[in-house]
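See below for final23.txt, which holds compact mmCIF, C-alpha atoms.
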# COMPACT_ATOMS: atom_id res chain seq x y z
CA MET K 1 134.86 163.00 65.89
CA PHE K 2 132.02 161.12 67.44
CA ARG K 3 130.09 164.30 67.99
CA LYS K 4 130.46 165.42 64.44
CA ARG K 5 129.08 162.22 62.98
CA TYR K 6 126.35 162.12 65.50
CA ARG K 7 125.15 165.58 64.55
CA MET K 8 124.52 164.45 61.03
CA GLY K 9 121.18 162.97 61.96
CA GLY K 10 120.27 162.07 58.40
CA ILE K 11 123.10 159.63 57.96
CA ALA K 12 123.15 158.42 61.51
CA LEU K 13 122.54 154.85 60.42
CA SER K 14 125.47 154.57 58.06
CA ALA K 15 127.63 156.54 60.46
CA LEU K 16 126.73 154.04 63.12
CA GLY K 17 127.94 151.18 60.94
CA THR K 18 131.26 152.93 60.51
CA LEU K 19 131.56 153.50 64.22
CA VAL K 20 130.91 149.88 64.96
CA MET K 21 133.45 148.77 62.39
CA ALA K 22 136.00 151.17 63.78
CA GLY K 23 135.41 149.76 67.21
CA VAL K 24 134.66 153.22 68.58
CA PHE K 25 131.26 152.21 69.72
CA THR K 26 130.88 150.64 73.09
CA LEU K 27 127.66 149.13 74.24
CA GLY K 28 126.35 148.34 77.64
CA ALA K 29 126.02 144.75 78.74
CA GLY K 30 124.54 142.31 76.27
CA GLY K 31 126.57 142.88 73.10
CA ALA K 32 124.62 142.84 69.85
CA SER K 33 121.43 141.66 71.49
CA ALA K 34 118.15 143.47 71.73
CA CYS K 35 116.29 144.05 74.92
CA GLU K 36 116.16 140.42 76.02
CA GLU K 37 114.08 141.37 79.01
CA CYS K 38 111.47 143.03 76.80
CA LYS K 39 110.79 139.95 74.72
CA GLY K 40 107.35 138.51 75.25
CA LYS K 41 106.39 141.56 77.29
CA TYR K 42 105.27 143.91 74.54
CA GLU K 43 101.73 142.83 75.31
CA VAL K 44 100.62 142.84 78.96
CA ASP K 45 97.03 142.46 80.18
CA GLY K 46 95.71 143.25 76.71
CA LYS K 47 97.78 146.44 76.44
CA LYS K 48 100.10 146.54 73.48
CA SER K 49 103.23 148.56 73.03
CA GLY K 50 103.57 150.58 69.83
CA TYR K 51 106.33 148.07 69.05
CA LEU K 52 103.69 145.52 68.06
CA TYR K 53 102.17 148.00 65.59
CA SER K 54 105.52 148.60 63.90
CA THR K 55 106.51 146.79 60.72
CA PRO K 56 108.94 143.87 61.04
CA ALA K 57 111.57 146.04 59.34
CA THR K 58 111.21 148.77 61.98
CA GLN K 59 111.13 146.22 64.78
CA ALA K 60 114.35 144.72 63.43
CA ILE K 61 116.14 148.08 63.72
CA GLN K 62 115.05 148.35 67.34
CA ASP K 63 115.85 144.72 68.03
CA ASP K 64 119.53 144.97 67.29
CA ASP K 65 121.44 147.33 69.52
CA PHE K 66 124.05 147.75 66.79
CA THR K 67 121.63 149.00 64.17
CA ASN K 68 119.42 150.94 66.57
CA PRO K 69 120.44 154.58 65.98
CA GLY K 70 119.04 155.50 69.40
CA PHE K 71 122.24 154.12 70.90
CA LEU K 72 124.12 157.16 69.68
CA TRP K 73 122.15 159.08 72.29
CA VAL K 74 122.79 156.49 74.98
CA GLU K 75 126.51 156.87 74.29
CA ARG K 76 126.30 160.64 74.33
CA GLY K 77 124.42 160.40 77.63
CA ARG K 78 127.29 158.41 79.10
CA GLN K 79 129.77 161.09 78.07
CA LEU K 80 127.65 163.79 79.68
CA TRP K 81 127.16 161.68 82.79
CA ALA K 82 130.83 161.97 83.64
CA LYS K 83 131.22 165.62 82.70
CA LYS K 84 131.71 168.09 85.55
CA GLU K 85 129.63 171.19 85.09
CA GLY K 86 128.18 174.20 86.83
CA GLU K 87 129.39 176.28 89.75
CA ALA K 88 129.50 173.17 91.90
CA ASN K 89 131.84 171.60 89.31
CA LYS K 90 130.19 168.24 89.74
CA SER K 91 129.14 165.50 87.37
CA CYS K 92 126.20 163.19 87.73
CA LYS K 93 128.74 160.47 88.35
CA ASP K 94 130.24 162.28 91.35
CA CYS K 95 126.98 161.85 93.26
CA HIS K 96 125.24 158.92 91.62
CA GLY K 97 128.12 156.61 90.65
CA GLU K 98 127.40 154.57 87.54
CA PRO K 99 124.23 155.39 85.59
CA GLU K 100 123.03 151.83 86.23
CA LYS K 101 122.53 152.90 89.86
CA LEU K 102 119.44 154.75 88.64
CA ARG K 103 117.84 151.52 87.43
CA GLY K 104 114.20 151.53 88.49
CA VAL K 105 113.84 155.31 88.57
CA PHE K 106 112.59 155.95 85.03
CA PRO K 107 109.45 153.73 85.16
CA THR K 108 108.03 155.69 88.13
CA TYR K 109 107.94 159.13 86.48
CA PRO K 110 106.02 161.45 86.27
CA LYS K 111 105.27 161.59 89.99
CA PHE K 112 104.00 164.09 92.52
CA ASP K 113 106.67 166.52 93.64
CA PRO K 114 106.10 167.77 97.20
CA LYS K 115 108.33 170.77 96.52
CA THR K 116 106.31 172.32 93.71
CA LYS K 117 103.06 170.57 94.64
CA LYS K 118 102.59 169.41 91.06
CA LEU K 119 103.91 166.62 88.89
CA ILE K 120 107.52 166.34 87.84
CA ASN K 121 108.61 164.18 84.91
CA ILE K 122 111.97 162.59 84.26
CA GLU K 123 113.36 165.38 82.07
CA GLN K 124 112.44 167.91 84.75
CA ARG K 125 113.95 165.69 87.46
CA ILE K 126 117.24 165.56 85.57
CA ASN K 127 117.21 169.31 85.14
CA ARG K 128 116.52 169.80 88.81
CA CYS K 129 119.79 168.06 89.61
CA ARG K 130 121.50 170.35 87.15
CA THR K 131 120.14 173.55 88.64
CA GLU K 132 120.08 172.59 92.32
CA GLN K 133 122.89 170.07 92.74
CA MET K 134 125.32 171.19 90.05
CA LYS K 135 124.37 174.87 89.96
CA ALA K 136 124.36 174.56 86.19
CA LYS K 137 121.87 175.82 83.64
CA ALA K 138 118.88 173.64 82.91
CA TRP K 139 119.12 171.89 79.55
CA LYS K 140 116.62 173.09 76.96
CA TRP K 141 113.76 170.81 76.04
CA GLU K 142 114.56 168.68 72.98
CA SER K 143 118.24 169.67 73.16
CA ASP K 144 120.67 166.87 72.34
CA GLU K 145 121.89 167.01 75.92
CA LEU K 146 118.52 166.58 77.59
CA LEU K 147 117.46 163.91 75.09
CA SER K 148 120.72 162.04 75.56
CA MET K 149 120.58 162.07 79.34
CA THR K 150 116.90 161.11 79.40
CA THR K 151 117.63 158.28 77.00
CA LEU K 152 120.46 157.02 79.19
CA VAL K 153 118.33 157.20 82.34
CA GLY K 154 115.57 155.32 80.47
CA TYR K 155 117.95 152.78 78.98
CA VAL K 156 119.31 151.63 82.35
CA SER K 157 115.76 150.56 83.30
CA ARG K 158 115.24 148.63 80.08
CA GLY K 159 112.90 145.66 80.51
CA MET K 160 111.38 146.94 83.76
CA PRO K 161 107.61 147.53 83.79
CA VAL K 162 106.24 151.07 83.63
CA ASN K 163 104.88 151.69 87.10
CA VAL K 164 103.44 155.14 87.72
CA LYS K 165 101.25 155.97 90.70
CA VAL K 166 98.07 157.88 90.13
CA ASP K 167 96.48 157.86 93.58
CA GLY K 168 97.08 160.16 96.55
CA PRO K 169 98.39 163.62 95.68
CA ALA K 170 98.91 162.64 92.01
CA LYS K 171 95.21 161.99 91.57
CA PRO K 172 93.99 165.48 90.54
CA PHE K 173 96.80 165.74 87.97
CA PHE K 174 95.97 162.32 86.63
CA GLU K 175 92.35 163.38 86.23
CA LYS K 176 93.43 166.45 84.27
CA GLY K 177 95.59 164.31 82.00
CA LYS K 178 92.72 161.94 81.44
CA ALA K 179 90.36 164.80 80.58
CA PHE K 180 92.92 166.01 78.04
CA TYR K 181 92.94 162.59 76.37
CA PHE K 182 89.19 162.70 75.90
CA GLN K 183 88.82 166.37 74.94
CA ARG K 184 88.15 167.06 71.28
CA ARG K 185 90.43 169.73 69.88
CA GLY K 186 91.56 171.49 66.74
CA GLN K 187 89.79 172.31 63.51
CA LEU K 188 89.43 168.56 62.88
CA ASP K 189 87.85 168.25 66.31
CA MET K 190 89.31 164.95 67.48
CA ALA K 191 90.44 163.72 70.87
CA CYS K 192 93.36 161.37 71.43
CA LYS K 193 90.83 158.69 72.20
CA HIS K 194 89.20 158.88 68.78
CA CYS K 195 92.34 157.56 67.15
CA HIS K 196 94.04 155.55 69.87
CA ILE K 197 91.15 153.97 71.80
CA ASP K 198 88.50 153.70 69.07
CA PHE K 199 90.67 152.54 66.14
CA PRO K 200 93.98 150.91 67.07
CA GLY K 201 94.99 148.32 64.49
CA GLN K 202 93.29 150.23 61.68
CA TYR K 203 94.85 152.38 59.01
CA ILE K 204 94.54 156.15 58.90
CA ARG K 205 95.84 156.76 55.40
CA ALA K 206 99.25 155.01 55.44
CA ASP K 207 99.61 154.89 59.22
CA LEU K 208 98.65 151.89 61.31
CA LEU K 209 97.18 153.32 64.51
CA SER K 210 98.65 152.08 67.77
CA GLU K 211 97.04 152.32 71.18
CA GLY K 212 98.94 155.58 71.81
CA ARG K 213 100.18 154.42 75.19
CA ALA K 214 103.76 155.70 75.02
CA GLY K 215 104.69 152.73 77.17
CA GLY K 216 108.33 152.85 78.18
CA ALA K 217 109.36 153.74 74.63
CA PHE K 218 110.22 157.44 74.74
CA PRO K 219 112.55 159.12 74.00
CA LEU K 220 112.56 157.13 70.80
CA TYR K 221 114.22 157.28 67.42
CA ARG K 222 111.69 158.15 64.74
CA LEU K 223 112.64 157.36 61.17
CA LYS K 224 110.51 160.29 60.01
CA TRP K 225 112.33 162.70 62.33
CA GLN K 226 115.71 161.20 61.47
CA LYS K 227 116.53 161.67 65.11
CA LEU K 228 115.51 160.90 68.61
CA GLY K 229 112.59 162.79 70.10
CA SER K 230 110.74 163.18 73.38
CA LEU K 231 107.23 162.07 74.24
CA HIS K 232 106.17 165.71 74.40
CA ARG K 233 107.36 166.22 70.85
CA ARG K 234 105.05 163.35 69.87
CA PHE K 235 102.19 165.01 71.79
CA ARG K 236 102.80 168.21 69.84
CA GLY K 237 102.71 166.29 66.57
CA CYS K 238 99.48 164.52 67.51
CA ASN K 239 97.94 167.90 68.42
CA LYS K 240 99.10 169.63 65.27
CA GLN K 241 97.83 166.95 62.91
CA VAL K 242 94.27 167.73 64.03
CA ARG K 243 95.08 171.43 63.57
CA ALA K 244 95.03 172.15 67.29
CA LYS K 245 97.34 174.56 69.04
CA PRO K 246 99.97 172.43 70.73
CA TYR K 247 101.26 173.14 74.22
CA LYS K 248 104.90 173.73 75.04
CA ALA K 249 107.00 170.67 75.70
CA GLY K 250 107.42 170.46 79.46
CA SER K 251 104.14 172.35 80.11
CA ASP K 252 101.97 171.28 83.05
CA GLU K 253 99.31 170.16 80.54
CA TYR K 254 101.67 167.74 78.82
CA VAL K 255 103.16 166.43 82.07
CA ASN K 256 99.64 165.66 83.31
CA LEU K 257 98.83 164.02 79.98
CA GLU K 258 102.07 162.07 80.24
CA LEU K 259 100.97 160.64 83.58
CA TYR K 260 97.69 159.47 82.07
CA VAL K 261 99.35 157.99 79.01
CA LYS K 262 101.95 156.21 81.14
CA TRP K 263 99.29 154.91 83.49
CA ARG K 264 97.65 153.36 80.44
CA SER K 265 101.05 151.75 79.91
CA ASN K 266 101.62 150.40 83.41
CA GLY K 267 103.14 146.94 83.08
CA LEU K 268 104.60 147.46 79.59
CA PRO K 269 108.39 147.27 79.48
CA VAL K 270 110.79 150.18 79.26
CA GLU K 271 112.23 149.83 75.75
CA VAL K 272 114.26 153.06 75.49
CA PRO K 273 115.58 153.77 72.95
CA ALA K 274 112.69 152.40 70.88
CA VAL K 275 112.44 152.88 67.12
CA ARG K 276 109.31 153.89 65.25
CA ARG K 277 108.32 154.96 61.79
CA MET P 1 44.12 173.40 84.43
CA ARG P 2 47.80 172.99 83.92
CA THR P 3 47.47 169.31 83.20
CA ALA P 4 44.89 170.01 80.55
CA GLY P 5 47.18 172.50 78.91
CA LEU P 6 49.98 169.96 78.82
CA VAL P 7 47.77 167.34 77.30
CA ALA P 8 46.58 169.77 74.70
CA GLY P 9 50.19 170.56 73.84
CA GLY P 10 50.94 166.89 73.46
CA VAL P 11 48.03 166.49 71.08
CA ALA P 12 49.18 169.43 69.03
CA LEU P 13 52.62 167.88 68.69
CA ALA P 14 51.22 164.51 67.74
CA LEU P 15 48.96 166.13 65.17
CA LEU P 16 51.92 167.93 63.74
CA ALA P 17 53.80 164.67 63.41
CA GLN P 18 50.78 163.03 61.83
CA GLY P 19 50.56 165.83 59.33
CA ALA P 20 54.12 164.76 58.44
CA ALA P 21 55.42 168.24 59.14
CA ALA P 22 59.16 167.87 59.15
CA GLU P 23 61.24 168.97 62.09
CA VAL P 24 63.51 171.66 60.77
CA THR P 25 66.59 172.93 62.60
CA LYS P 26 68.13 176.12 61.30
CA VAL P 27 71.85 176.48 61.74
CA GLN P 28 74.02 179.52 61.17
CA GLU P 29 77.62 179.57 62.35
CA LYS P 30 79.98 182.53 62.23
CA GLY P 31 81.14 183.34 58.71
CA LEU P 32 79.21 180.44 57.15
CA LYS P 33 76.06 180.18 55.09
CA PRO P 34 72.90 179.20 56.99
CA TYR P 35 71.44 175.77 56.31
CA GLU P 36 68.54 173.60 57.46
CA ILE P 37 68.72 170.13 58.95
CA VAL P 38 65.50 168.21 58.32
CA ASP P 39 64.42 165.46 60.73
CA GLY P 40 67.94 165.29 62.14
CA HIS P 41 69.34 163.30 59.25
CA THR P 42 69.48 165.34 56.08
CA ILE P 43 70.29 168.76 54.60
CA PRO P 44 68.26 168.58 51.38
CA LYS P 45 69.11 172.04 50.02
CA PRO P 46 72.56 172.68 48.51
CA LEU P 47 74.76 175.26 50.22
CA THR P 48 75.40 177.08 46.94
CA ASP P 49 73.50 177.90 43.75
CA LYS P 50 76.33 176.74 41.55
CA PRO P 51 76.11 172.98 40.99
CA GLY P 52 78.99 170.88 42.31
CA ASP P 53 81.76 169.72 40.00
CA PRO P 54 82.50 165.99 40.47
CA LYS P 55 86.02 166.27 39.02
CA ARG P 56 87.02 168.91 41.50
CA GLY P 57 85.24 166.88 44.18
CA ALA P 58 87.38 163.82 43.46
CA LYS P 59 90.50 165.92 43.80
CA LEU P 60 89.36 167.34 47.13
CA VAL P 61 88.63 163.85 48.43
CA VAL P 62 92.23 162.82 47.74
CA THR P 63 94.04 166.01 48.79
CA ARG P 64 95.48 165.69 52.29
CA LYS P 65 95.09 169.36 53.17
CA LYS P 66 91.49 169.41 51.99
CA GLY P 67 88.95 166.58 52.35
CA ASN P 68 91.53 163.84 52.86
CA CYS P 69 88.62 161.41 52.95
CA LEU P 70 90.98 158.61 51.88
CA ALA P 71 92.59 158.91 55.30
CA CYS P 72 89.61 156.99 56.65
CA HIS P 73 87.61 155.65 53.69
CA LYS P 74 88.36 153.20 50.92
CA ILE P 75 87.02 154.31 47.54
CA GLN P 76 87.75 151.78 44.81
CA GLN P 77 87.12 154.31 42.05
CA LEU P 78 90.20 156.15 43.38
CA ASN P 79 92.49 153.13 43.50
CA ASP P 80 95.08 155.03 41.45
CA PHE P 81 95.88 156.97 44.61
CA PRO P 82 97.76 155.04 47.26
CA PHE P 83 96.93 154.49 50.93
CA HIS P 84 93.24 154.32 51.63
CA GLY P 85 92.55 154.06 55.34
CA ASN P 86 89.91 151.78 56.84
CA ILE P 87 88.61 153.75 59.83
CA GLY P 88 85.21 154.47 58.25
CA PRO P 89 83.00 152.43 55.92
CA GLU P 90 83.97 151.96 52.28
CA LEU P 91 82.38 154.63 50.06
CA THR P 92 82.60 152.72 46.78
CA ASP P 93 78.81 152.29 46.68
CA VAL P 94 77.77 155.23 48.84
CA ALA P 95 75.42 156.71 46.21
CA SER P 96 73.26 153.57 46.48
CA ASN P 97 73.03 153.91 50.25
CA LEU P 98 72.58 157.59 51.02
CA THR P 99 70.61 160.45 49.55
CA GLU P 100 72.36 163.64 48.56
CA GLY P 101 70.95 165.41 51.61
CA GLU P 102 72.22 162.69 53.93
CA MET P 103 75.66 162.98 52.37
CA ARG P 104 75.54 166.74 52.87
CA LEU P 105 74.78 166.43 56.58
CA ARG P 106 77.58 163.84 56.93
CA LEU P 107 80.04 166.35 55.53
CA VAL P 108 78.74 169.51 57.14
CA ASN P 109 78.46 168.06 60.64
CA PRO P 110 78.48 164.27 61.16
CA LYS P 111 78.15 164.76 64.92
CA VAL P 112 74.44 165.41 64.38
CA VAL P 113 74.16 161.77 63.29
CA ASN P 114 76.74 160.32 65.69
CA PRO P 115 77.94 162.60 68.50
CA ASP P 116 80.96 160.40 69.23
CA THR P 117 82.21 160.05 65.64
CA ILE P 118 85.85 160.50 64.71
CA MET P 119 84.82 162.03 61.38
CA PRO P 120 85.52 165.76 61.27
CA ALA P 121 82.77 168.28 60.63
CA PHE P 122 83.91 169.95 57.44
CA TYR P 123 81.66 173.02 57.65
CA ARG P 124 81.94 174.40 61.15
CA THR P 125 83.55 177.36 62.84
CA GLU P 126 81.97 177.18 66.28
CA GLY P 127 82.13 174.85 69.25
CA LEU P 128 85.78 173.97 68.56
CA HIS P 129 88.62 173.89 71.10
CA ARG P 130 92.17 175.31 70.64
CA VAL P 131 92.07 175.62 66.87
CA MET P 132 95.45 176.65 65.43
CA LYS P 133 95.54 180.32 64.63
CA LYS P 134 95.72 179.98 60.87
CA PHE P 135 92.58 177.84 60.82
CA GLN P 136 90.53 179.88 63.27
CA GLY P 137 87.14 181.00 62.00
CA LYS P 138 87.52 178.91 58.86
CA PRO P 139 85.74 175.70 57.95
CA VAL P 140 87.85 172.77 56.67
CA LEU P 141 86.01 173.01 53.34
CA THR P 142 84.15 175.92 51.74
CA ASP P 143 80.48 175.64 50.81
CA GLN P 144 81.40 175.14 47.15
CA GLU P 145 83.98 172.47 48.02
CA ILE P 146 81.31 170.59 49.99
CA GLU P 147 79.02 170.68 46.94
CA ASP P 148 81.87 169.53 44.65
CA ILE P 149 82.53 166.54 46.91
CA ILE P 150 78.84 165.65 47.03
CA ALA P 151 78.71 165.78 43.23
CA PHE P 152 81.56 163.28 43.21
CA LEU P 153 80.02 161.04 45.91
CA LYS P 154 76.84 160.87 43.84
CA THR P 155 78.84 159.11 41.11
CA LEU P 156 79.99 156.38 43.49
CA LYS P 157 78.07 153.20 42.69
CA ALA P 158 79.59 149.75 42.72
CA SER P 159 79.51 148.55 39.11
CA GLN P 160 76.71 146.06 38.55
Would you write out, as structure tokens, the structure that this file holds?
Amino acid sequence: MFRKRYRMGGIALSALGTLVMAGVFTLGAGGASACEECKGKYEVDGKKSGYLYSTPATQAIQDDDFTNPGFLWVERGRQLWAKKEGEANKSCKDCHGEPEKLRGVFPTYPKFDPKTKKLINIEQRINRCRTEQMKAKAWKWESDELLSMTTLVGYVSRGMPVNVKVDGPAKPFFEKGKAFYFQRRGQLDMACKHCHIDFPGQYIRADLLSEGRAGGAFPLYRLKWQKLGSLHRRFRGCNKQVRAKPYKAGSDEYVNLELYVKWRSNGLPVEVPAVRR
Amino acid sequence: MRTAGLVAGGVALALLAQGAAAEVTKVQEKGLKPYEIVDGHTIPKPLTDKPGDPKRGAKLVVTRKKGNCLACHKIQQLNDFPFHGNIGPELTDVASNLTEGEMRLRLVNPKVVNPDTIMPAFYRTEGLHRVMKKFQGKPVLTDQEIEDIIAFLKTLKASQ
């Protein structure tokens, strides 16, 4: 029942209302509130979350956990958390206990992974537990399952500051991500920086440009997508709109870029699941 | 001896400048018509023989998949179309500020004027990185489209 409604992305909002009325919907601690811990933290050291560039109407959807459609994915994540899978027949819960035990993990990714000697981001970290600990198949990028679990793992750190490390072994990957941000690309020949460093707060056609920091906002519910999406999906969109070949979600290029973008967000609060236009 | 030669060269250059000989840079990119940039700030000669059509130019300025100039510029004469961005300067009076040749360079390759600009070069096929396949080897606008837009820009004067 729940699953069926949830699949109908387009009417998620009204479906959500019905679920709440029917009492099917259970929220984590805090009831109808927003992220209390986020309040007053959307601007830190002159860095602003994309939240502050959203319209009051969009902010209001994010601000109320009952109207925020992203919570459908948090709920779905909780269901998956307890589901035994793979040859090991284990669930996340069997090893990790309650999802809240992972509080503090999300804000530190991507990080250097000594095993592969490159960066690993949170989606990849989750999938590693699936393949290595559960002996289950990795979830596909942008699948409902991976989005839901990533959203849950993000949600339990809500309010905590993004805190990625870019020194030591992460340094060369950080430098690559930074170079990506400043590299012009596509037929329109623009770098990320041309929109998000040079012109935040100004309109590009109907869109108010944010600082493009990602912050602790992704995965987030985008009204335009009518569903939740990953940060790498956003990267692909921002590449395609300048008519540049995008990279694959989960590619080394995007994970390096993610580290740079999150470093620009250090100190901003985790606000998963955020809502944007 | 060498020093003398150098000095002589310098004089020659200075003389050239004094004689007001313009510095001309010829450009020819793959699949595009050649053109000449004069003194680094203008392309005086049109890219086509056929004169530009201001009506078609206005349409190209608005169309998202073409010029999409409204993404970044406010143009009051086009207030019937919604959502003018404000990244670049307003173009409502641009014909009073720039010559046709300056406008042409701005469109063809604004990086000649400002290497760090966000404004796309609308007539380029080279020096680009990771262009999507369907746009490879093609400029954003054709030579005739550039001329149509210039014909439209030339009509933009704030009403006195």
Could you please determine the separation between atom CA of P:Leu128 and atom CA of P:Gly31 in Å, to one decimal place?
->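 Between atom CA of P:Leu128 and atom CA of P:Gly31 the gap works out to 14.4 Å.
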Residue nearest chain K among P:Lys111, P:His84, P:Lys26, P:Arg106 (counting only C-alpha atoms) |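 Distance minimum relative to chain K lands on P:His84.
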Do you have the atom CA of P:Thr125-atom CA of K:Cys192 distance handy?
-> 20.6 Å
Would you kindly report the residues of chain K within 8 Å of chain P, using only C-alpha atoms, as a VMD selection string?
-> chain K and resid 184 to 190 194 to 195 199 202 to 206 240 243 to 245
So that I have them on file, write out the residues from the current selection with C-alpha atoms, as an mmCIF file, keeping the file's coordinate frame.
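Saved as result-v5.cif:
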data_model
loop_
_atom_site.group_PDB
_atom_site.id
_atom_site.type_symbol
_atom_site.label_atom_id
_atom_site.label_comp_id
_atom_site.auth_asym_id
_atom_site.auth_seq_id
_atom_site.Cartn_x
_atom_site.Cartn_y
_atom_site.Cartn_z
ATOM 1 C CA ARG K 184 88.150 167.060 71.280
ATOM 2 C CA ARG K 185 90.430 169.730 69.880
ATOM 3 C CA GLY K 186 91.560 171.490 66.740
ATOM 4 C CA GLN K 187 89.790 172.310 63.510
ATOM 5 C CA LEU K 188 89.430 168.560 62.880
ATOM 6 C CA ASP K 189 87.850 168.250 66.310
ATOM 7 C CA MET K 190 89.310 164.950 67.480
ATOM 8 C CA HIS K 194 89.200 158.880 68.780
ATOM 9 C CA CYS K 195 92.340 157.560 67.150
ATOM 10 C CA PHE K 199 90.670 152.540 66.140
ATOM 11 C CA GLN K 202 93.290 150.230 61.680
ATOM 12 C CA TYR K 203 94.850 152.380 59.010
ATOM 13 C CA ILE K 204 94.540 156.150 58.900
ATOM 14 C CA ARG K 205 95.840 156.760 55.400
ATOM 15 C CA ALA K 206 99.250 155.010 55.440
ATOM 16 C CA LYS K 240 99.100 169.630 65.270
ATOM 17 C CA ARG K 243 95.080 171.430 63.570
ATOM 18 C CA ALA K 244 95.030 172.150 67.290
ATOM 19 C CA LYS K 245 97.340 174.560 69.040
#
Mind pulling up the distance from atom CA of K:Glu75 to atom CA of K:Asn266?
-> 27.3 Å
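Remark: for K:Leu147, the closest of the candidate residues K:Val166, K:Leu208, K:Val74, K:Ala214 is K:Val74 (distances computed over all atoms listed in the file).
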Contacts of stretch 105-116 of chain K within 12 Å, all atoms listed in the file, excl. fewer than 6 positions in-chain, as an NGL selection string | :K and (99 or 122-126 or 128 or 149-174 or 177 or 214-219 or 250 or 252 or 254-263 or 265-272)
Can I get the selected residues back with C-alpha atoms, as a tab-separated table (two decimals), in the coordinates of the input?
chain	number	residue	atom	x	y	z
K	99	PRO	CA	124.23	155.39	85.59
K	122	ILE	CA	111.97	162.59	84.26
K	123	GLU	CA	113.36	165.38	82.07
K	124	GLN	CA	112.44	167.91	84.75
K	125	ARG	CA	113.95	165.69	87.46
K	126	ILE	CA	117.24	165.56	85.57
K	128	ARG	CA	116.52	169.80	88.81
K	149	MET	CA	120.58	162.07	79.34
K	150	THR	CA	116.90	161.11	79.40
K	151	THR	CA	117.63	158.28	77.00
K	152	LEU	CA	120.46	157.02	79.19
K	153	VAL	CA	118.33	157.20	82.34
K	154	GLY	CA	115.57	155.32	80.47
K	155	TYR	CA	117.95	152.78	78.98
K	156	VAL	CA	119.31	151.63	82.35
K	157	SER	CA	115.76	150.56	83.30
K	158	ARG	CA	115.24	148.63	80.08
K	159	GLY	CA	112.90	145.66	80.51
K	160	MET	CA	111.38	146.94	83.76
K	161	PRO	CA	107.61	147.53	83.79
K	162	VAL	CA	106.24	151.07	83.63
K	163	ASN	CA	104.88	151.69	87.10
K	164	VAL	CA	103.44	155.14	87.72
K	165	LYS	CA	101.25	155.97	90.70
K	166	VAL	CA	98.07	157.88	90.13
K	167	ASP	CA	96.48	157.86	93.58
K	168	GLY	CA	97.08	160.16	96.55
K	169	PRO	CA	98.39	163.62	95.68
K	170	ALA	CA	98.91	162.64	92.01
K	171	LYS	CA	95.21	161.99	91.57
K	172	PRO	CA	93.99	165.48	90.54
K	173	PHE	CA	96.80	165.74	87.97
K	174	PHE	CA	95.97	162.32	86.63
K	177	GLY	CA	95.59	164.31	82.00
K	214	ALA	CA	103.76	155.70	75.02
K	215	GLY	CA	104.69	152.73	77.17
K	216	GLY	CA	108.33	152.85	78.18
K	217	ALA	CA	109.36	153.74	74.63
K	218	PHE	CA	110.22	157.44	74.74
K	219	PRO	CA	112.55	159.12	74.00
K	250	GLY	CA	107.42	170.46	79.46
K	252	ASP	CA	101.97	171.28	83.05
K	254	TYR	CA	101.67	167.74	78.82
K	255	VAL	CA	103.16	166.43	82.07
K	256	ASN	CA	99.64	165.66	83.31
K	257	LEU	CA	98.83	164.02	79.98
K	258	GLU	CA	102.07	162.07	80.24
K	259	LEU	CA	100.97	160.64	83.58
K	260	TYR	CA	97.69	159.47	82.07
K	261	VAL	CA	99.35	157.99	79.01
K	262	LYS	CA	101.95	156.21	81.14
K	263	TRP	CA	99.29	154.91	83.49
K	265	SER	CA	101.05	151.75	79.91
K	266	ASN	CA	101.62	150.40	83.41
K	267	GLY	CA	103.14	146.94	83.08
K	268	LEU	CA	104.60	147.46	79.59
K	269	PRO	CA	108.39	147.27	79.48
K	270	VAL	CA	110.79	150.18	79.26
K	271	GLU	CA	112.23	149.83	75.75
K	272	VAL	CA	114.26	153.06	75.49
